[in-house]
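Peer 1: File entry29.cif below, mmCIF, C-alpha atoms:
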data_start
#
loop_
_atom_site.label_atom_id
_atom_site.label_comp_id
_atom_site.auth_asym_id
_atom_site.auth_seq_id
_atom_site.Cartn_x
_atom_site.Cartn_y
_atom_site.Cartn_z
CA MET K 1 22.48 7.89 -13.13
CA ALA K 2 24.36 9.97 -10.55
CA VAL K 3 23.80 11.89 -7.34
CA LYS K 4 23.24 15.64 -7.66
CA THR K 5 25.01 18.05 -5.30
CA PHE K 6 24.36 21.75 -4.69
CA LYS K 7 26.38 24.94 -4.36
CA PRO K 8 26.47 25.55 -0.57
CA VAL K 9 24.68 28.92 -0.48
CA THR K 10 23.00 27.75 2.77
CA PRO K 11 24.38 25.46 5.51
CA THR K 12 21.92 22.72 4.58
CA LEU K 13 22.84 22.62 0.89
CA ARG K 14 26.45 21.86 1.81
CA TYR K 15 25.45 18.30 2.69
CA LYS K 16 22.17 17.73 0.84
CA THR K 17 22.23 15.43 -2.19
CA VAL K 18 19.43 14.14 -4.41
CA ALA K 19 19.12 11.70 -7.29
CA ASP K 20 19.47 13.48 -10.64
CA PHE K 21 16.33 11.71 -12.00
CA SER K 22 17.88 11.56 -15.47
CA VAL K 23 16.10 8.27 -16.24
CA ILE K 24 12.69 9.61 -15.23
CA THR K 25 10.24 10.51 -18.01
CA LYS K 26 9.66 14.28 -18.09
CA LYS K 27 6.33 15.51 -16.76
CA SER K 28 5.43 17.04 -20.12
CA GLU K 29 5.97 13.64 -21.79
CA LEU K 30 3.99 11.50 -19.33
CA PRO K 31 1.21 9.50 -21.03
CA SER K 32 -2.34 9.34 -19.71
CA ARG K 33 -3.08 6.52 -17.31
CA PRO K 34 -6.28 4.97 -15.86
CA LYS K 35 -7.53 6.31 -12.54
CA LYS K 36 -7.52 2.77 -11.11
CA LEU K 37 -3.72 2.84 -11.01
CA THR K 38 -3.70 5.36 -8.13
CA LYS K 39 -5.67 5.65 -4.90
CA MET K 40 -5.73 7.73 -1.73
CA VAL K 41 -4.43 6.17 1.48
CA SER K 42 -4.96 7.60 4.95
CA LYS K 43 -2.01 8.08 7.29
CA SER K 44 -1.85 6.03 10.48
CA GLY K 45 0.62 8.22 12.39
CA GLY K 46 2.03 4.95 13.75
CA ARG K 47 -1.22 4.21 15.58
CA ASN K 48 -3.39 1.10 15.55
CA VAL K 49 -7.19 0.83 15.39
CA HIS K 50 -7.42 1.76 19.08
CA GLY K 51 -5.42 4.96 18.62
CA LEU K 52 -2.40 3.64 20.49
CA ILE K 53 1.09 4.28 19.13
CA THR K 54 2.53 0.94 17.99
CA THR K 55 5.35 2.27 15.80
CA GLN K 56 7.53 5.11 17.05
CA GLN K 57 8.77 8.17 15.13
CA ILE K 58 6.01 8.21 12.50
CA GLY K 59 3.95 11.29 11.74
CA GLY K 60 3.34 14.12 9.30
CA GLY K 61 4.73 13.62 5.84
CA HIS K 62 3.74 15.01 2.47
CA LYS K 63 0.38 14.01 1.03
CA LYS K 64 0.78 11.36 -1.67
CA MET K 65 -1.23 8.97 -3.81
CA TYR K 66 -0.53 5.25 -3.71
CA ARG K 67 0.41 3.63 -7.04
CA ASN K 68 -1.03 0.15 -7.57
CA ILE K 69 1.88 -2.05 -8.64
CA ASP K 70 1.49 -5.34 -10.50
CA PHE K 71 3.66 -7.56 -8.29
CA LYS K 72 1.97 -10.75 -9.53
CA ARG K 73 2.67 -10.09 -13.24
CA GLU K 74 -0.59 -11.81 -14.23
CA LYS K 75 -0.57 -10.64 -17.88
CA LEU K 76 0.83 -13.96 -19.03
CA GLU K 77 2.01 -14.36 -22.63
CA ILE K 78 0.88 -10.78 -23.43
CA PRO K 79 3.73 -8.51 -24.62
CA GLY K 80 3.92 -5.01 -23.19
CA THR K 81 5.82 -1.82 -24.00
CA VAL K 82 7.37 0.58 -21.50
CA ILE K 83 5.76 3.99 -22.08
CA SER K 84 7.22 5.83 -19.07
CA ILE K 85 9.62 5.51 -16.13
CA GLU K 86 8.19 7.34 -13.12
CA TYR K 87 9.04 8.37 -9.57
CA ASP K 88 7.02 6.68 -6.82
CA PRO K 89 6.81 8.50 -3.47
CA ASN K 90 5.86 5.25 -1.71
CA ARG K 91 9.06 3.32 -2.51
CA THR K 92 12.75 3.87 -3.16
CA ALA K 93 12.70 2.19 -6.59
CA TYR K 94 11.36 3.74 -9.78
CA ILE K 95 8.30 2.28 -11.46
CA ALA K 96 7.55 1.65 -15.12
CA LEU K 97 4.18 2.11 -16.80
CA ILE K 98 3.56 -0.78 -19.19
CA SER K 99 1.07 -0.65 -22.06
CA TYR K 100 0.00 -4.15 -23.14
CA ILE K 101 -1.24 -5.00 -26.61
CA ASP K 102 -4.74 -5.68 -25.25
CA GLY K 103 -4.93 -2.00 -24.21
CA GLU K 104 -4.44 -2.40 -20.45
CA LYS K 105 -1.86 -0.28 -18.61
CA LEU K 106 -0.14 -1.42 -15.40
CA PHE K 107 2.77 -0.34 -13.21
CA ILE K 108 5.70 -2.65 -12.45
CA VAL K 109 8.84 -2.15 -10.38
CA ALA K 110 11.40 -0.87 -12.88
CA PRO K 111 14.69 -2.81 -13.11
CA ASP K 112 17.97 -1.05 -13.80
CA GLY K 113 18.52 -0.49 -17.52
CA LEU K 114 14.85 -0.59 -18.53
CA LYS K 115 14.05 2.28 -20.93
CA VAL K 116 11.01 3.77 -22.60
CA GLY K 117 10.18 1.70 -25.69
CA ASP K 118 11.56 -1.58 -24.32
CA LYS K 119 9.40 -4.70 -24.54
CA VAL K 120 8.56 -6.79 -21.46
CA LEU K 121 6.88 -10.18 -21.19
CA ALA K 122 5.66 -12.44 -18.38
CA SER K 123 6.21 -15.90 -19.80
CA ASN K 124 8.37 -18.95 -19.21
CA LYS K 125 9.48 -18.60 -22.84
CA ALA K 126 10.61 -14.98 -22.40
CA ASP K 127 14.21 -13.90 -22.99
CA ILE K 128 16.47 -13.41 -19.97
CA LYS K 129 16.50 -9.61 -20.04
CA PRO K 130 15.53 -6.91 -17.51
CA GLY K 131 11.80 -6.62 -16.87
CA ASN K 132 10.75 -10.08 -18.06
CA ASN K 133 9.07 -12.39 -15.55
CA LEU K 134 9.54 -16.19 -15.42
CA GLN K 135 9.29 -19.12 -13.06
CA LEU K 136 12.56 -19.87 -11.25
CA SER K 137 12.82 -23.27 -12.95
CA PHE K 138 13.19 -21.51 -16.34
CA ILE K 139 15.81 -18.96 -15.19
CA PRO K 140 19.53 -19.84 -15.67
CA VAL K 141 21.63 -20.32 -12.53
CA GLY K 142 23.60 -17.20 -11.62
CA THR K 143 21.01 -14.73 -12.95
CA PHE K 144 20.22 -11.58 -10.93
CA ILE K 145 16.52 -11.44 -10.08
CA HIS K 146 14.10 -9.20 -8.17
CA ASN K 147 10.40 -9.11 -7.18
CA ILE K 148 10.73 -12.73 -6.05
CA GLU K 149 7.71 -14.73 -4.92
CA VAL K 150 7.97 -16.61 -1.61
CA GLU K 151 4.95 -18.77 -2.45
CA PRO K 152 3.86 -19.43 -6.06
CA GLY K 153 1.00 -17.19 -7.15
CA ARG K 154 1.13 -14.85 -4.13
CA GLY K 155 3.04 -12.07 -5.91
CA GLY K 156 6.60 -10.82 -5.54
CA LYS K 157 7.65 -10.12 -1.94
CA LEU K 158 11.46 -10.08 -1.94
CA ALA K 159 14.08 -7.75 -3.47
CA ARG K 160 11.82 -4.82 -4.37
CA SER K 161 13.72 -1.81 -2.94
CA ALA K 162 16.17 0.42 -4.82
CA GLY K 163 19.31 -1.37 -6.03
CA SER K 164 18.44 -4.71 -4.45
CA TYR K 165 18.57 -8.11 -6.15
CA GLY K 166 18.63 -11.80 -5.42
CA GLN K 167 20.70 -14.38 -7.25
CA LEU K 168 19.66 -17.85 -8.35
CA MET K 169 22.38 -20.10 -6.94
CA ALA K 170 21.24 -23.68 -7.64
CA LYS K 171 18.31 -25.91 -8.55
CA GLU K 172 17.44 -29.13 -6.75
CA SER K 173 14.25 -31.05 -7.65
CA ASP K 174 11.23 -28.91 -6.71
CA TYR K 175 13.20 -26.12 -5.02
CA CYS K 176 15.80 -23.52 -5.98
CA GLN K 177 18.48 -21.94 -3.82
CA VAL K 178 18.23 -18.15 -3.99
CA ARG K 179 20.66 -15.76 -2.34
CA MET K 180 18.68 -12.94 -0.70
CA PRO K 181 19.76 -9.28 -0.70
CA SER K 182 20.85 -9.84 2.93
CA GLY K 183 23.24 -12.62 1.87
CA GLU K 184 21.05 -15.38 3.29
CA ILE K 185 20.53 -18.40 1.02
CA ARG K 186 16.97 -19.72 1.05
CA LEU K 187 14.99 -22.47 -0.66
CA ILE K 188 12.12 -21.23 -2.83
CA HIS K 189 9.77 -23.42 -4.86
CA ALA K 190 10.73 -23.74 -8.51
CA ASN K 191 7.23 -22.66 -9.61
CA ALA K 192 7.59 -19.30 -7.88
CA LYS K 193 8.13 -16.40 -10.28
CA ALA K 194 10.72 -13.64 -10.34
CA SER K 195 11.63 -10.74 -12.58
CA ILE K 196 15.01 -10.49 -14.31
CA GLY K 197 17.55 -7.83 -13.33
CA GLN K 198 18.49 -5.53 -10.49
CA VAL K 199 16.02 -2.97 -9.14
CA SER K 200 16.46 0.59 -10.45
CA ASN K 201 17.77 3.69 -8.59
CA LEU K 202 21.09 2.13 -7.57
CA GLU K 203 22.40 5.44 -6.21
CA HIS K 204 19.67 5.74 -3.59
CA GLU K 205 22.00 4.51 -0.83
CA ASN K 206 24.37 7.41 -1.55
CA VAL K 207 21.76 10.16 -1.10
CA THR K 208 22.24 12.38 1.97
CA ILE K 209 19.08 13.75 3.60
CA GLY K 210 20.89 16.99 4.54
CA LYS K 211 18.32 18.51 6.91
CA ALA K 212 15.72 17.53 9.48
CA GLY K 213 12.85 19.01 7.47
CA ARG K 214 13.44 16.58 4.62
CA SER K 215 12.91 13.67 7.01
CA ARG K 216 9.63 15.27 8.11
CA TRP K 217 8.52 15.37 4.46
CA LEU K 218 8.99 11.59 4.48
CA GLY K 219 6.90 11.23 7.63
CA ILE K 220 9.88 10.49 9.90
CA ARG K 221 9.77 12.25 13.28
CA PRO K 222 12.84 12.87 15.50
CA THR K 223 14.32 9.98 17.48
CA VAL K 224 15.36 10.61 21.10
CA ARG K 225 18.25 8.50 22.41
CA ALA K 226 17.35 6.17 25.25
CA VAL K 227 20.10 7.45 27.58
CA ALA K 228 18.77 11.01 27.16
CA LYS K 229 15.36 10.05 28.60
CA ASN K 230 14.12 9.88 32.20
CA PRO K 231 13.96 6.54 34.05
CA VAL K 232 10.16 6.62 33.88
CA ASP K 233 10.33 6.62 30.06
CA HIS K 234 13.13 4.12 29.40
CA PRO K 235 15.18 1.57 31.40
CA MET K 236 18.39 3.20 30.13
CA GLY K 237 17.36 6.71 31.19
CA GLY K 238 18.47 8.75 34.19
CA GLY K 239 21.77 8.72 36.07
CA GLU K 240 24.12 11.46 37.23
CA GLY K 241 25.84 13.40 34.47
CA LYS K 242 26.15 11.85 31.01
CA SER K 243 25.37 8.24 31.83
CA SER K 244 25.89 5.51 29.23
CA GLY K 245 22.89 3.52 30.43
CA GLY K 246 24.43 1.20 33.00
CA ARG K 247 22.94 -1.94 31.44
CA HIS K 248 22.77 -3.82 28.17
CA PRO K 249 20.86 -1.99 25.39
CA CYS K 250 17.14 -2.71 25.45
CA THR K 251 13.76 -1.51 24.23
CA PRO K 252 11.53 0.80 26.32
CA TRP K 253 9.91 -2.43 27.62
CA GLY K 254 13.18 -4.04 28.69
CA LYS K 255 13.64 -6.49 25.83
CA PRO K 256 17.34 -6.91 24.83
CA THR K 257 18.24 -5.42 21.44
CA LYS K 258 21.70 -6.85 20.85
CA GLY K 259 22.50 -10.54 20.48
CA TYR K 260 18.88 -11.48 21.15
CA LYS K 261 17.27 -13.82 18.62
CA THR K 262 13.97 -12.45 17.35
CA ARG K 263 13.11 -15.06 14.72
CA LYS K 264 10.17 -17.21 15.84
CA ASN K 265 8.82 -18.62 12.57
CA LYS K 266 9.65 -22.32 12.98
CA ARG K 267 7.41 -23.22 10.03
CA THR K 268 9.94 -21.81 7.50
CA GLU K 269 13.09 -22.74 9.44
CA ALA K 270 13.86 -25.65 7.10
CA PHE K 271 13.95 -23.36 4.04
CA ILE K 272 17.03 -21.45 5.24
CA VAL K 273 20.16 -23.05 3.75
CA LYS K 274 22.70 -20.49 4.95
CA ARG K 275 22.15 -17.77 7.52
CA ILE K 276 23.74 -14.34 7.43
CA ASN K 277 25.26 -14.63 10.93
#
How would this structure read if it were set down as structure tokens?
Peer 2:
Amino acid sequence: MAVKTFKPVTPTLRYKTVADFSVITKKSELPSRPKKLTKMVSKSGGRNVHGLITTQQIGGGHKKMYRNIDFKREKLEIPGTVISIEYDPNRTAYIALISYIDGEKLFIVAPDGLKVGDKVLASNKADIKPGNNLQLSFIPVGTFIHNIEVEPGRGGKLARSAGSYGQLMAKESDYCQVRMPSGEIRLIHANAKASIGQVSNLEHENVTIGKAGRSRWLGIRPTVRAVAKNPVDHPMGGGEGKSSGGRHPCTPWGKPTKGYKTRKNKRTEAFIVKRIN
């Protein structure tokens, strides 16, 4: 798969790039799917239940249906066949529609290299090939994995975005060392499950948005630099001429943003073998 460029007949098209979607099943060839696999979700606009903005720069965006993804891979020992590879507006990775031999259809995160007609299986006896799901204790050391469970039975939480993957580094008694997409090495219980392979849409990181309107389609509003604001709106605002802030970078509430440790979860501290910094 490659990135598609355009003839620059407008200023925007000179920089805009998109994925070529060559691996996506054509709309005319899409199979029927149960209504339970999609649902409507309301937009928050970055606001909480009290109507207060808790996340900045969120708003607008194209209307879209949410696709229910099977992150738990609960169809154990039941073979399935890939009947389509589809685009999902809610995530950067592609998704695959799986038809199981018992008649049920479910979406999974599609790994790179998975094609229509391929067989997938969630079983500890499954082959080590893209799309199959096994417990970490049954996966060979060095294998690339994705959709990794943090706690057994809770469903995949890690390595689910486009092009990401973890790697099984070692096994020691009840725990396995897994290298995260960030480079951190973490201990995960050997009974936790993961899917084989690297997540699809590897070229996503090379796509250029190209214009402001395309960000608005994604629900991303403009971001104003702190030094361009007034002192009443941000601690780094104000000053004569083009000021650079006059203090260390911080949030609108004065909390430092560089070199300031934000990790507070002491409960899982012991599971980190190697940090990224």
Peer 1: Which residues would end up in the selection if the PyMOL selection byres ((chain K and resi 121) around 8) were applied here, given that I need the answer as a compact mmCIF listing (two decimals) with C-alpha atoms, in the coordinates of the input?
Peer 2:
# COMPACT_ATOMS: atom_id res chain seq x y z
CA LEU K 76 0.83 -13.96 -19.03
CA GLU K 77 2.01 -14.36 -22.63
CA ILE K 78 0.88 -10.78 -23.43
CA PRO K 79 3.73 -8.51 -24.62
CA GLY K 80 3.92 -5.01 -23.19
CA LYS K 119 9.40 -4.70 -24.54
CA VAL K 120 8.56 -6.79 -21.46
CA ALA K 122 5.66 -12.44 -18.38
CA SER K 123 6.21 -15.90 -19.80
CA ALA K 126 10.61 -14.98 -22.40
CA GLY K 131 11.80 -6.62 -16.87
CA ASN K 132 10.75 -10.08 -18.06
CA ASN K 133 9.07 -12.39 -15.55
Peer 1: Near Arg160 of chain K, counting all atoms listed in the file, which residues have an atom at most 8 Å away, once you skip same-chain residues fewer than 2 positions from it, shown as number ranges by chain?
Peer 2: K: 93, 109, 146-147, 157-158, 162, 164-165, 199
Peer 1: Would you please work out which residue, of K:Asn68, K:Asn90, K:Thr54, K:Ser195, is nearest to Asn124 of chain K when using only C-alpha atoms?
Peer 2: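 Closest to Asn124 of chain K, using only C-alpha atoms: K:Ser195.
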Peer 1: As AutoDock Vina command-line options, please report the centre and edge lengths, rounded to one decimal in Å, of the axis-aligned box that holds all listed atoms of segment 24-29 of chain K with 8 Å of padding on each of the six sides.
Peer 2:
--center_x 9.1 --center_y 13.3 --center_z -18.5 --size_x 23.3 --size_y 23.4 --size_z 22.6
Peer 1: Would you mind listing what lies within 9 Å of segment 14-17 of chain K as a short mmCIF file (atom, residue, chain, number, x, y, z; two decimals) with C-alpha atoms, in the coordinates of the input, with all atoms listed in the file counted and same-chain residues fewer than 6 positions away left out?
Peer 2:
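New file around30.cif:
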data_model
loop_
_atom_site.label_atom_id
_atom_site.label_comp_id
_atom_site.auth_asym_id
_atom_site.auth_seq_id
_atom_site.Cartn_x
_atom_site.Cartn_y
_atom_site.Cartn_z
CA VAL K 3 23.80 11.89 -7.34
CA LYS K 4 23.24 15.64 -7.66
CA THR K 5 25.01 18.05 -5.30
CA PHE K 6 24.36 21.75 -4.69
CA LYS K 7 26.38 24.94 -4.36
CA PRO K 8 26.47 25.55 -0.57
CA ASN K 206 24.37 7.41 -1.55
CA VAL K 207 21.76 10.16 -1.10
CA THR K 208 22.24 12.38 1.97
CA ILE K 209 19.08 13.75 3.60
CA GLY K 210 20.89 16.99 4.54
CA LYS K 211 18.32 18.51 6.91
#
Peer 1: K:Glu269, K:Ser44, K:Gly241, K:Pro31: which is nearest Ile58 of chain K, counting all atoms listed in the file?
Peer 2: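 Under the stated criterion, the closest residue is K:Ser44.
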Peer 1: Pick the closest to Gly46 of chain K from K:Pro140, K:Gly117, K:Gly60, K:Gly183: which is it, counting all atoms listed in the file?
Peer 2: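 Ranking K:Pro140, K:Gly117, K:Gly60, K:Gly183 by distance to Gly46 of chain K, first place goes to K:Gly60.
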Peer 1: So what do you get for atom CA of Ile69 of chain K versus atom CA of Val49 of chain K, distance-wise?
Peer 2: 25.8 Å
Peer 1: Let me make sure I understand: among K:Ala194, K:Phe138, K:Asp127, K:His204, which one has the smallest atom-to-atom distance to Val18 of chain K if we use only C-alpha atoms?
Peer 2: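 Closest to Val18 of chain K, using only C-alpha atoms: K:His204.
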Peer 1: Write out as an NGL selection string the residues lying within 12 Å of His189 of chain K, counting all atoms listed in the file and excluding same-chain residues fewer than 3 positions away.
Peer 2: :K and (135-137 or 148-153 or 168 or 170-178 or 186 or 192-194 or 271)
Peer 1: Taking C-alpha atoms for each residue, export the selection above as an mmCIF file, in the frame of the given file.
Peer 2:
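Final output, again-v2.cif:
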data_model
loop_
_atom_site.group_PDB
_atom_site.id
_atom_site.type_symbol
_atom_site.label_atom_id
_atom_site.label_comp_id
_atom_site.auth_asym_id
_atom_site.auth_seq_id
_atom_site.Cartn_x
_atom_site.Cartn_y
_atom_site.Cartn_z
ATOM 1 C CA GLN K 135 9.290 -19.120 -13.060
ATOM 2 C CA LEU K 136 12.560 -19.870 -11.250
ATOM 3 C CA SER K 137 12.820 -23.270 -12.950
ATOM 4 C CA ILE K 148 10.730 -12.730 -6.050
ATOM 5 C CA GLU K 149 7.710 -14.730 -4.920
ATOM 6 C CA VAL K 150 7.970 -16.610 -1.610
ATOM 7 C CA GLU K 151 4.950 -18.770 -2.450
ATOM 8 C CA PRO K 152 3.860 -19.430 -6.060
ATOM 9 C CA GLY K 153 1.000 -17.190 -7.150
ATOM 10 C CA LEU K 168 19.660 -17.850 -8.350
ATOM 11 C CA ALA K 170 21.240 -23.680 -7.640
ATOM 12 C CA LYS K 171 18.310 -25.910 -8.550
ATOM 13 C CA GLU K 172 17.440 -29.130 -6.750
ATOM 14 C CA SER K 173 14.250 -31.050 -7.650
ATOM 15 C CA ASP K 174 11.230 -28.910 -6.710
ATOM 16 C CA TYR K 175 13.200 -26.120 -5.020
ATOM 17 C CA CYS K 176 15.800 -23.520 -5.980
ATOM 18 C CA GLN K 177 18.480 -21.940 -3.820
ATOM 19 C CA VAL K 178 18.230 -18.150 -3.990
ATOM 20 C CA ARG K 186 16.970 -19.720 1.050
ATOM 21 C CA ALA K 192 7.590 -19.300 -7.880
ATOM 22 C CA LYS K 193 8.130 -16.400 -10.280
ATOM 23 C CA ALA K 194 10.720 -13.640 -10.340
ATOM 24 C CA PHE K 271 13.950 -23.360 4.040
#
Peer 1: Which is closest to Gly155 of chain K among K:His248, K:Arg214, K:Lys35, K:Arg73, if we use only C-alpha atoms?
Peer 2: K:Arg73
Peer 1: Neighbouring residues of segment 224-231 of chain K were defined as those with any atom within 9 Å, considering only C-alpha atoms; residues of the same chain fewer than 3 positions away were excluded. Please report them as a ChimeraX atom specification.
Peer 2: /K:234-239,242-245,249-252
Peer 1: Starting from the incomplete input, reconstruct N, CA and C atoms of segment 103-114 of chain K and report them as a compact mmCIF listing (two decimals), keeping the file's coordinate frame.
Peer 2:
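See selection-v8.txt below for the written result:
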# COMPACT_ATOMS: atom_id res chain seq x y z
N GLY K 103 -4.46 -3.33 -24.59
CA GLY K 103 -4.93 -2.00 -24.21
C GLY K 103 -4.80 -1.66 -22.75
N GLU K 104 -4.53 -2.66 -21.90
CA GLU K 104 -4.44 -2.40 -20.45
C GLU K 104 -3.08 -1.80 -20.10
N LYS K 105 -3.09 -0.91 -19.09
CA LYS K 105 -1.86 -0.28 -18.61
C LYS K 105 -1.67 -0.64 -17.14
N LEU K 106 -0.44 -1.03 -16.78
CA LEU K 106 -0.14 -1.42 -15.40
C LEU K 106 1.26 -0.93 -15.02
N PHE K 107 1.45 -0.69 -13.73
CA PHE K 107 2.77 -0.34 -13.21
C PHE K 107 3.52 -1.59 -12.78
N ILE K 108 4.83 -1.62 -13.01
CA ILE K 108 5.70 -2.65 -12.45
C ILE K 108 6.90 -1.96 -11.81
N VAL K 109 7.59 -2.67 -10.92
CA VAL K 109 8.84 -2.15 -10.38
C VAL K 109 9.87 -2.14 -11.50
N ALA K 110 10.49 -1.00 -11.74
CA ALA K 110 11.40 -0.87 -12.88
C ALA K 110 12.79 -1.41 -12.54
N PRO K 111 13.31 -2.36 -13.31
CA PRO K 111 14.69 -2.81 -13.11
C PRO K 111 15.68 -1.82 -13.70
N ASP K 112 16.92 -1.92 -13.27
CA ASP K 112 17.97 -1.05 -13.80
C ASP K 112 18.20 -1.36 -15.28
N GLY K 113 18.27 -0.32 -16.09
CA GLY K 113 18.52 -0.49 -17.52
C GLY K 113 17.27 -0.52 -18.37
N LEU K 114 16.10 -0.59 -17.75
CA LEU K 114 14.85 -0.59 -18.53
C LEU K 114 14.58 0.83 -19.03
